[in-house]
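**Q** Got a structure for you, data.cif, holding mmCIF, C-alpha atoms.
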```cif
data_entry
#
loop_
_atom_site.label_atom_id
_atom_site.label_comp_id
_atom_site.auth_asym_id
_atom_site.auth_seq_id
_atom_site.Cartn_x
_atom_site.Cartn_y
_atom_site.Cartn_z
CA MET A 1 -32.57 -14.29 59.62
CA ASP A 2 -35.22 -12.37 57.74
CA LEU A 3 -34.70 -10.87 54.29
CA ALA A 4 -34.02 -7.33 55.56
CA ALA A 5 -31.32 -8.55 57.93
CA GLN A 6 -29.67 -10.56 55.15
CA LEU A 7 -29.64 -7.53 52.87
CA GLU A 8 -28.11 -5.30 55.54
CA ALA A 9 -25.44 -7.91 56.32
CA LEU A 10 -24.58 -8.26 52.63
CA ARG A 11 -24.36 -4.49 52.22
CA ASP A 12 -21.97 -4.05 55.15
CA ASP A 13 -19.88 -7.21 54.86
CA GLY A 14 -19.79 -7.21 51.04
CA ALA A 15 -18.72 -3.59 50.74
CA ALA A 16 -16.04 -4.18 53.36
CA ARG A 17 -14.70 -7.21 51.47
CA LEU A 18 -14.55 -5.35 48.17
CA THR A 19 -12.81 -2.38 49.77
CA ALA A 20 -10.23 -4.63 51.44
CA ALA A 21 -9.31 -6.59 48.28
CA ALA A 22 -5.50 -6.78 48.19
CA ASP A 23 -5.09 -6.96 44.43
CA ALA A 24 -6.95 -7.22 41.15
CA ASP A 25 -7.34 -11.01 41.38
CA ALA A 26 -8.84 -10.82 44.87
CA LEU A 27 -11.16 -8.02 43.79
CA GLU A 28 -12.37 -10.03 40.79
CA GLN A 29 -13.02 -13.08 42.96
CA ALA A 30 -15.04 -10.98 45.42
CA ARG A 31 -17.02 -9.43 42.57
CA ILE A 32 -17.94 -12.84 41.22
CA GLU A 33 -19.06 -14.16 44.63
CA LEU A 34 -21.02 -11.03 45.51
CA LEU A 35 -22.22 -9.50 42.23
CA GLY A 36 -21.79 -12.34 39.77
CA ARG A 37 -24.46 -14.29 37.89
CA ASN A 38 -24.65 -16.82 40.74
CA GLY A 39 -23.49 -14.50 43.51
CA ALA A 40 -24.94 -13.61 46.91
CA LEU A 41 -26.85 -10.57 45.63
CA LYS A 42 -28.50 -12.69 42.92
CA ASP A 43 -29.68 -15.18 45.57
CA LEU A 44 -31.28 -12.41 47.60
CA LYS A 45 -32.93 -10.95 44.49
CA ASP A 46 -34.46 -14.37 43.82
CA ALA A 47 -35.64 -14.55 47.44
CA PHE A 48 -37.18 -11.10 47.09
CA LYS A 49 -39.28 -12.27 44.15
CA THR A 50 -40.95 -14.95 46.27
CA ALA A 51 -41.25 -12.85 49.47
CA SER A 52 -44.56 -11.78 50.96
CA PRO A 53 -46.11 -8.48 49.93
CA GLU A 54 -45.19 -6.97 53.32
CA ASP A 55 -41.51 -7.94 52.93
CA LYS A 56 -41.43 -6.57 49.37
CA ARG A 57 -42.77 -3.21 50.58
CA SER A 58 -40.23 -3.00 53.38
CA CYS A 59 -37.21 -4.41 51.53
CA GLY A 60 -37.59 -3.05 48.00
CA ARG A 61 -35.72 0.16 48.65
CA LEU A 62 -33.12 -1.64 50.74
CA LEU A 63 -32.41 -4.07 47.91
CA GLY A 64 -31.61 -1.16 45.57
CA GLU A 65 -29.33 0.40 48.19
CA VAL A 66 -27.39 -2.88 48.57
CA ASP A 67 -26.95 -3.17 44.80
CA GLN A 68 -25.64 0.39 44.50
CA ALA A 69 -23.40 0.08 47.57
CA LEU A 70 -21.66 -3.07 46.32
CA LYS A 71 -21.14 -1.70 42.82
CA ALA A 72 -19.81 1.59 44.18
CA ALA A 73 -17.38 -0.27 46.47
CA TYR A 74 -16.17 -2.41 43.58
CA GLU A 75 -15.65 0.53 41.21
CA ALA A 76 -13.84 2.56 43.86
CA ARG A 77 -11.43 -0.29 44.70
CA ASP A 78 -10.88 -1.13 41.04
CA LYS A 79 -9.95 2.47 40.28
CA SER A 80 -7.66 2.55 43.30
CA LEU A 81 -5.83 -0.60 42.24
CA GLN A 82 -5.40 0.60 38.65
CA GLY A 83 -3.88 3.84 39.87
CA ALA A 84 -1.50 2.15 42.28
CA VAL A 85 2.10 1.78 41.09
CA ASP A 86 4.54 -0.67 42.57
CA SER A 87 7.69 1.42 42.70
CA SER A 88 9.84 -1.67 43.09
CA ALA A 89 8.76 -2.90 39.63
CA ILE A 90 10.27 0.07 37.80
CA ASP A 91 13.94 0.95 37.71
CA ILE A 92 14.08 4.54 36.52
CA THR A 93 17.86 4.30 36.14
CA LEU A 94 17.55 1.86 33.21
CA PRO A 95 18.08 3.35 29.74
CA GLY A 96 14.97 3.78 27.60
CA GLU A 97 14.09 1.32 24.86
CA ASP A 98 15.52 2.10 21.44
CA ARG A 99 12.61 2.53 19.04
CA ARG A 100 13.76 1.80 15.53
CA ALA A 101 12.25 3.74 12.69
CA GLY A 102 10.31 1.57 10.27
CA SER A 103 10.92 1.62 6.54
CA ILE A 104 9.26 0.72 3.27
CA HIS A 105 10.78 -2.40 1.74
CA PRO A 106 13.38 -1.44 -0.90
CA ILE A 107 11.52 -3.42 -3.58
CA SER A 108 8.31 -1.53 -2.76
CA GLN A 109 10.23 1.75 -2.94
CA VAL A 110 11.67 1.01 -6.37
CA ALA A 111 8.34 -0.42 -7.62
CA TRP A 112 6.54 2.78 -6.66
CA GLU A 113 9.14 4.87 -8.50
CA VAL A 114 8.89 2.70 -11.61
CA GLU A 115 5.11 3.07 -11.62
CA GLN A 116 5.42 6.84 -11.23
CA VAL A 117 7.83 7.10 -14.16
CA PHE A 118 5.59 5.10 -16.49
CA SER A 119 2.47 6.92 -15.34
CA SER A 120 4.16 10.19 -16.31
CA MET A 121 4.67 8.72 -19.82
CA GLY A 122 0.98 7.85 -20.19
CA PHE A 123 1.12 4.16 -19.19
CA ASP A 124 -1.65 2.56 -17.15
CA VAL A 125 -0.54 0.49 -14.13
CA VAL A 126 -2.35 -2.88 -14.15
CA ASP A 127 -1.98 -6.32 -12.59
CA GLY A 128 -3.16 -9.89 -13.07
CA PRO A 129 -3.59 -13.14 -11.13
CA HIS A 130 -0.65 -15.04 -9.66
CA ILE A 131 -2.32 -18.36 -10.49
CA GLU A 132 -2.42 -18.38 -14.25
CA GLU A 133 -3.73 -20.52 -17.10
CA ASP A 134 -1.51 -22.16 -19.70
CA GLU A 135 -3.30 -20.25 -22.46
CA PHE A 136 -2.29 -16.81 -21.19
CA ASN A 137 1.11 -17.71 -19.74
CA PHE A 138 2.35 -19.66 -22.76
CA THR A 139 0.04 -20.26 -25.75
CA ARG A 140 -1.03 -16.66 -26.48
CA LEU A 141 2.60 -15.57 -26.12
CA ASN A 142 3.72 -17.81 -29.00
CA ILE A 143 5.40 -20.33 -26.69
CA PRO A 144 4.86 -23.75 -28.32
CA PRO A 145 3.75 -26.91 -26.46
CA ASP A 146 7.26 -28.45 -26.63
CA HIS A 147 9.07 -25.37 -25.29
CA PRO A 148 11.36 -26.15 -22.26
CA ALA A 149 9.78 -23.33 -20.25
CA ARG A 150 6.65 -25.47 -19.90
CA ASP A 151 8.55 -28.29 -18.17
CA SER A 152 8.25 -28.89 -14.45
CA GLN A 153 11.93 -28.06 -13.92
CA ASP A 154 11.14 -24.46 -14.88
CA THR A 155 7.48 -23.93 -13.91
CA PHE A 156 5.44 -24.55 -10.76
CA TRP A 157 2.44 -26.54 -12.02
CA LEU A 158 -0.62 -27.03 -9.81
CA SER A 159 -2.76 -30.15 -9.53
CA THR A 160 -5.63 -28.21 -11.19
CA GLY A 161 -3.67 -27.85 -14.42
CA LYS A 162 -2.97 -24.18 -13.75
CA LEU A 163 0.42 -22.74 -12.81
CA LEU A 164 2.11 -19.97 -10.87
CA ARG A 165 2.81 -17.32 -13.48
CA THR A 166 6.40 -17.38 -14.69
CA HIS A 167 6.32 -13.81 -16.00
CA THR A 168 4.05 -10.79 -15.94
CA SER A 169 3.77 -11.09 -19.74
CA SER A 170 0.61 -13.09 -19.07
CA VAL A 171 -1.11 -9.77 -18.30
CA GLN A 172 -0.21 -8.65 -21.82
CA SER A 173 -1.99 -11.62 -23.41
CA ARG A 174 -4.98 -11.08 -21.08
CA THR A 175 -5.23 -7.41 -22.12
CA TYR A 176 -5.44 -7.77 -25.89
CA PRO A 177 -8.86 -9.45 -26.33
CA ASP A 178 -10.67 -6.67 -24.45
CA THR A 179 -8.62 -3.65 -25.52
CA GLN A 180 -7.90 -2.07 -28.87
CA PRO A 181 -4.86 0.14 -29.61
CA PRO A 182 -3.48 2.47 -28.60
CA ILE A 183 -2.42 0.40 -25.56
CA ARG A 184 0.11 1.53 -22.96
CA LYS A 185 0.36 -0.73 -19.91
CA VAL A 186 2.92 -1.50 -17.22
CA VAL A 187 2.68 -4.39 -14.74
CA VAL A 188 4.62 -4.73 -11.49
CA GLY A 189 4.09 -8.02 -9.67
CA LYS A 190 5.46 -11.26 -8.29
CA VAL A 191 6.43 -14.12 -10.56
CA PHE A 192 7.55 -17.66 -9.73
CA ARG A 193 10.13 -19.93 -11.33
CA TYR A 194 11.54 -23.27 -10.30
CA GLU A 195 15.12 -22.10 -9.79
CA GLU A 196 17.83 -22.82 -7.25
CA VAL A 197 18.28 -19.87 -4.91
CA ASP A 198 21.70 -18.21 -4.89
CA ALA A 199 23.16 -14.70 -4.75
CA THR A 200 21.64 -13.67 -8.09
CA HIS A 201 18.62 -15.99 -8.50
CA ASP A 202 15.43 -16.58 -6.52
CA ASN A 203 12.34 -18.69 -7.10
CA THR A 204 10.08 -15.73 -6.24
CA PHE A 205 10.88 -12.27 -7.51
CA THR A 206 9.25 -9.08 -8.81
CA GLN A 207 9.01 -8.36 -12.52
CA VAL A 208 8.12 -5.22 -14.43
CA GLU A 209 6.34 -5.86 -17.73
CA GLY A 210 5.78 -2.91 -20.03
CA PHE A 211 4.10 -3.02 -23.42
CA LEU A 212 2.88 -0.47 -25.93
CA VAL A 213 0.86 -1.09 -29.10
CA ASP A 214 0.06 1.64 -31.62
CA GLU A 215 0.65 2.63 -35.22
CA GLN A 216 4.20 3.16 -36.53
CA ILE A 217 5.97 2.00 -33.36
CA THR A 218 9.69 1.25 -33.79
CA VAL A 219 12.67 0.07 -31.75
CA ALA A 220 13.57 3.74 -31.25
CA HIS A 221 10.44 4.17 -29.11
CA LEU A 222 11.47 1.14 -27.07
CA VAL A 223 14.99 2.46 -26.46
CA GLY A 224 13.74 5.92 -25.52
CA THR A 225 11.24 4.47 -23.04
CA LEU A 226 13.87 2.26 -21.40
CA GLN A 227 16.38 5.10 -21.15
CA THR A 228 13.83 7.36 -19.49
CA MET A 229 12.88 4.72 -16.93
CA ILE A 230 16.38 3.46 -16.13
CA LYS A 231 17.90 6.92 -15.72
CA ALA A 232 15.03 8.06 -13.48
CA VAL A 233 15.11 5.02 -11.18
CA LEU A 234 18.90 4.71 -10.99
CA ARG A 235 19.09 8.50 -10.54
CA ARG A 236 21.94 8.86 -13.03
CA ASP A 237 22.19 10.86 -16.24
CA ASP A 238 25.24 9.00 -17.56
CA VAL A 239 23.61 5.58 -17.94
CA GLU A 240 24.49 3.90 -21.23
CA ILE A 241 22.27 1.24 -22.80
CA ARG A 242 23.40 -1.53 -25.12
CA LEU A 243 21.07 -3.85 -27.06
CA ARG A 244 22.25 -7.34 -28.00
CA PRO A 245 20.18 -9.55 -30.33
CA SER A 246 18.48 -12.40 -28.47
CA PHE A 247 15.56 -14.77 -28.93
CA PHE A 248 12.25 -14.65 -27.07
CA PRO A 249 9.19 -16.39 -28.59
CA PHE A 250 6.88 -13.42 -28.02
CA VAL A 251 9.02 -10.71 -29.67
CA GLU A 252 10.66 -10.32 -33.07
CA PRO A 253 13.29 -8.95 -33.12
CA GLY A 254 14.35 -9.56 -29.51
CA PHE A 255 17.13 -8.00 -27.47
CA GLU A 256 19.02 -8.33 -24.23
CA VAL A 257 19.66 -4.94 -22.66
CA ASP A 258 22.91 -4.16 -20.84
CA VAL A 259 23.55 -0.98 -18.87
CA ARG A 260 26.57 0.75 -17.37
CA SER A 261 27.49 4.11 -15.88
CA THR A 262 30.68 5.91 -16.84
CA SER A 263 30.94 7.62 -13.44
CA ALA A 264 30.20 4.53 -11.35
CA THR A 265 32.73 2.37 -9.54
CA GLY A 266 32.66 -1.36 -9.04
CA ARG A 267 30.34 -3.71 -10.85
CA PHE A 268 28.14 -1.04 -12.46
CA SER A 269 31.13 0.55 -14.19
CA ASN A 270 31.07 -2.42 -16.60
CA TRP A 271 28.20 -3.69 -18.70
CA VAL A 272 25.51 -5.41 -16.61
CA GLU A 273 22.66 -7.42 -18.15
CA LEU A 274 19.39 -5.90 -16.94
CA LEU A 275 16.40 -6.99 -19.02
CA GLY A 276 14.97 -8.58 -22.14
CA CYS A 277 12.80 -6.79 -24.69
CA GLY A 278 11.79 -6.53 -28.33
CA MET A 279 9.07 -5.75 -30.81
CA ILE A 280 5.91 -7.73 -30.09
CA HIS A 281 5.66 -10.77 -32.37
CA PRO A 282 2.94 -10.45 -35.04
CA LYS A 283 1.53 -13.84 -33.95
CA VAL A 284 1.01 -12.52 -30.40
CA LEU A 285 -0.89 -9.50 -31.73
CA LYS A 286 -2.95 -11.64 -34.08
CA MET A 287 -3.92 -14.09 -31.32
CA GLY A 288 -5.02 -11.07 -29.27
CA GLY A 289 -7.33 -9.87 -32.06
CA ILE A 290 -5.06 -7.01 -33.19
CA ASP A 291 -4.14 -6.49 -36.85
CA PRO A 292 -0.32 -6.79 -37.06
CA GLU A 293 -0.33 -5.15 -40.49
CA ARG A 294 -1.68 -1.93 -39.01
CA TYR A 295 -0.28 -1.95 -35.47
CA GLN A 296 3.14 -2.59 -34.02
CA GLY A 297 4.32 -2.64 -30.45
CA PHE A 298 7.18 -3.25 -28.06
CA ALA A 299 7.41 -5.15 -24.78
CA PHE A 300 10.06 -5.64 -22.12
CA GLY A 301 10.47 -7.66 -18.94
CA LEU A 302 12.64 -6.38 -16.11
CA GLY A 303 13.58 -8.02 -12.80
CA LEU A 304 12.96 -5.35 -10.19
CA GLU A 305 15.33 -6.96 -7.69
CA ARG A 306 18.19 -6.66 -10.18
CA LEU A 307 17.39 -2.98 -10.73
CA ALA A 308 17.32 -2.39 -6.97
CA MET A 309 20.62 -4.25 -6.54
CA ILE A 310 22.30 -1.99 -9.10
CA ARG A 311 20.85 1.16 -7.57
CA HIS A 312 21.79 0.34 -3.97
CA GLY A 313 24.94 -1.69 -4.56
CA ILE A 314 23.42 -4.89 -3.12
CA GLU A 315 25.40 -8.04 -3.90
CA ASP A 316 22.96 -10.76 -2.76
CA ILE A 317 19.34 -11.02 -3.93
CA ARG A 318 18.45 -13.08 -0.85
CA LEU A 319 18.47 -9.89 1.21
CA PHE A 320 15.05 -8.93 -0.15
CA ASN A 321 13.16 -12.06 0.96
CA GLY A 322 15.39 -13.02 3.88
CA ALA A 323 14.65 -12.76 7.60
CA ASP A 324 17.74 -10.74 8.49
CA LEU A 325 16.46 -7.27 9.30
CA ARG A 326 19.92 -5.73 9.48
CA GLY A 327 19.97 -5.29 5.71
CA LEU A 328 16.48 -3.86 5.44
CA ARG A 329 17.03 -1.43 8.34
CA GLN A 330 19.53 0.42 6.17
CA PHE A 331 16.54 1.80 4.23
CA ALA A 332 14.80 3.29 7.30
CA GLY A 333 14.31 7.01 7.66
#
```
The structure given in the file should be rewritten as structure tokens.
**A**
Amino acid sequence: MDLAAQLEALRDDGAARLTAAADADALEQARIELLGRNGALKDLKDAFKTASPEDKRSCGRLLGEVDQALKAAYEARDKSLQGAVDSSAIDITLPGEDRRAGSIHPISQVAWEVEQVFSSMGFDVVDGPHIEEDEFNFTRLNIPPDHPARDSQDTFWLSTGKLLRTHTSSVQSRTYPDTQPPIRKVVVGKVFRYEEVDATHDNTFTQVEGFLVDEQITVAHLVGTLQTMIKAVLRRDDVEIRLRPSFFPFVEPGFEVDVRSTSATGRFSNWVELLGCGMIHPKVLKMGGIDPERYQGFAFGLGLERLAMIRHGIEDIRLFNGADLRGLRQFAG
């Protein structure tokens, strides 16, 4: 059979095969055998290259017609198959799928509100690395080498000698060398502690660290700042704050802060411990290159999960990092 006859046979038989393909798989197999890299049309194109000048003159146009005819047959059948619907595969009497509304995680919601409150008071929102150095996490915060917090039962130490930060206070010690007062910063980020997980404790949680350094700063400024933030986030005007003396190496004096609401019921109607705070220790300022004789400051550390639990009446901290979506879906919409 000469080249022209082979081309005509491929045009007629190939187009018929493509048109008669029963499904997408059959159509794809026919395309590969006819139009593929090693298909029948490719073989005839190779034969055309080595044909005599007379055959090239007589078959050149025919070769283009075969190419176009096969491609047109393939595209037409492909479009037809894509538009075909198997009515037996769809039961229109079935109820539609329930599309649940997504939601922002409650911790992210509260974190955003905390940042907005502090931004309105002139604080800058900053962050620092999760993998921290001993110098910034402990030493520059006046935590001595023999302090229990440095032990492996409290801190996740890495083989490199670094650690997972145990508090966002490390951002405070990182800030001082490069910044001179007045300083107003707030940090919202994850921290890590080697603790047993239960209803009120987790080994990974979110902490808010706020610190302010300026001239003539007193505990009154600290209390006013905390009241503004807590009332705004808890959305209550009747929140009472109580300071109890406590010890933290990086503040002097230091306080534990309890809160309660006179109009609340349940747990929040009584005093609930919420955070630790105090006036920044002079040694911390001095190690940061700040003159403690001229400048004073306050700092506080707040567990965001605990604040969210009080606001939403959540009893178990494991809800926030757990895999049970039923709890988180309550915050949708």
**Q** Go ahead and compute the interatomic distance for CA of Val259 (chain A) and CA of Asn203 (chain A), in Å to one decimal.
**A**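 Interatomic distance, CA of Val259 (chain A) to CA of Asn203 (chain A): 24.0 Å.
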**Q** Residues at most 12 Å from region 66-77 of chain A, counting all atoms listed in the file, excluding those fewer than 5 positions away in the same chain, as an MDAnalysis selection string?
**A** chainID A and resid 4:36 39:42 44:45 59:61 82:84
**Q** State, in Å with one decimal place, the distance from CA of Phe211 (chain A) to CA of Ser261 (chain A).
**A**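 Between these atoms lies a distance of 25.6 Å.
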**Q** Work out how far apart CA of Gly313 (chain A) and CA of Arg235 (chain A) are and give it in Å to one decimal.
**A**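 CA of Gly313 (chain A) sits 13.2 Å away from CA of Arg235 (chain A).
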**Q** I'd like the neighbourhood of Pro253 (chain A) as a list of chain:residue names, where a residue qualifies if any of its atoms comes within 8 Å (using only C-alpha atoms), though same-chain residues fewer than 6 positions away should be ignored.
**A**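 So, after excluding close chain neighbours, the residues are A:Pro245, A:Ser246, A:Phe247, A:Gly278, A:Met279, A:His281.
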**Q** Give me the residues near Pro177 (chain A) as a JSON list (two decimals) with C-alpha atoms, in the frame of the given file, where near means some atom within 12 Å (using all atoms listed in the file) and where sequence neighbours in that chain fewer than 6 positions away do not count.
**A**
```
[["chain", "number", "residue", "atom", "x", "y", "z"],
["A", 136, "PHE", "CA", -2.29, -16.81, -21.19],
["A", 140, "ARG", "CA", -1.03, -16.66, -26.48],
["A", 171, "VAL", "CA", -1.11, -9.77, -18.30],
["A", 183, "ILE", "CA", -2.42, 0.40, -25.56],
["A", 284, "VAL", "CA", 1.01, -12.52, -30.40],
["A", 285, "LEU", "CA", -0.89, -9.50, -31.73],
["A", 286, "LYS", "CA", -2.95, -11.64, -34.08],
["A", 287, "MET", "CA", -3.92, -14.09, -31.32],
["A", 288, "GLY", "CA", -5.02, -11.07, -29.27],
["A", 289, "GLY", "CA", -7.33, -9.87, -32.06],
["A", 290, "ILE", "CA", -5.06, -7.01, -33.19],
["A", 291, "ASP", "CA", -4.14, -6.49, -36.85]]
```
**Q** Taking only C-alpha atoms into account, name the residue in A:Ser263, A:Thr228, A:Asn321, A:Asn38 that is nearest to Val114 (chain A).
**A**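 Between A:Ser263, A:Thr228, A:Asn321, A:Asn38, the residue approaching Val114 (chain A) most closely is A:Thr228.
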**Q** So that I can check the surroundings of Leu226 (chain A), please list as a list in words every protein, DNA and RNA residue that reaches within 10 Å of it, counting only C-alpha atoms and ignoring chain neighbours fewer than 4 positions away.
**A**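 Listed by chain and then number, they are Gly210, Ala220, His221, Leu222, Ile230, Lys231, Ala232, Ile241, Val257, Leu275, Cys277 and Phe300 of chain A.
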**Q** I need the residue nearest Ile217 (chain A) from this list: A:Glu240, A:Glu293, A:Asp324, A:Asp154. Use only C-alpha atoms for the distance.
**A**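 Comparing A:Glu240, A:Glu293, A:Asp324, A:Asp154 against Ile217 (chain A), the winner is A:Glu293.
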**Q** Closest to Arg306 (chain A) among A:Gly161, A:Gly96, A:Pro106, A:Gly327, using all atoms listed in the file?
**A**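 The shortest atom-to-atom distance to Arg306 (chain A) comes from A:Pro106.
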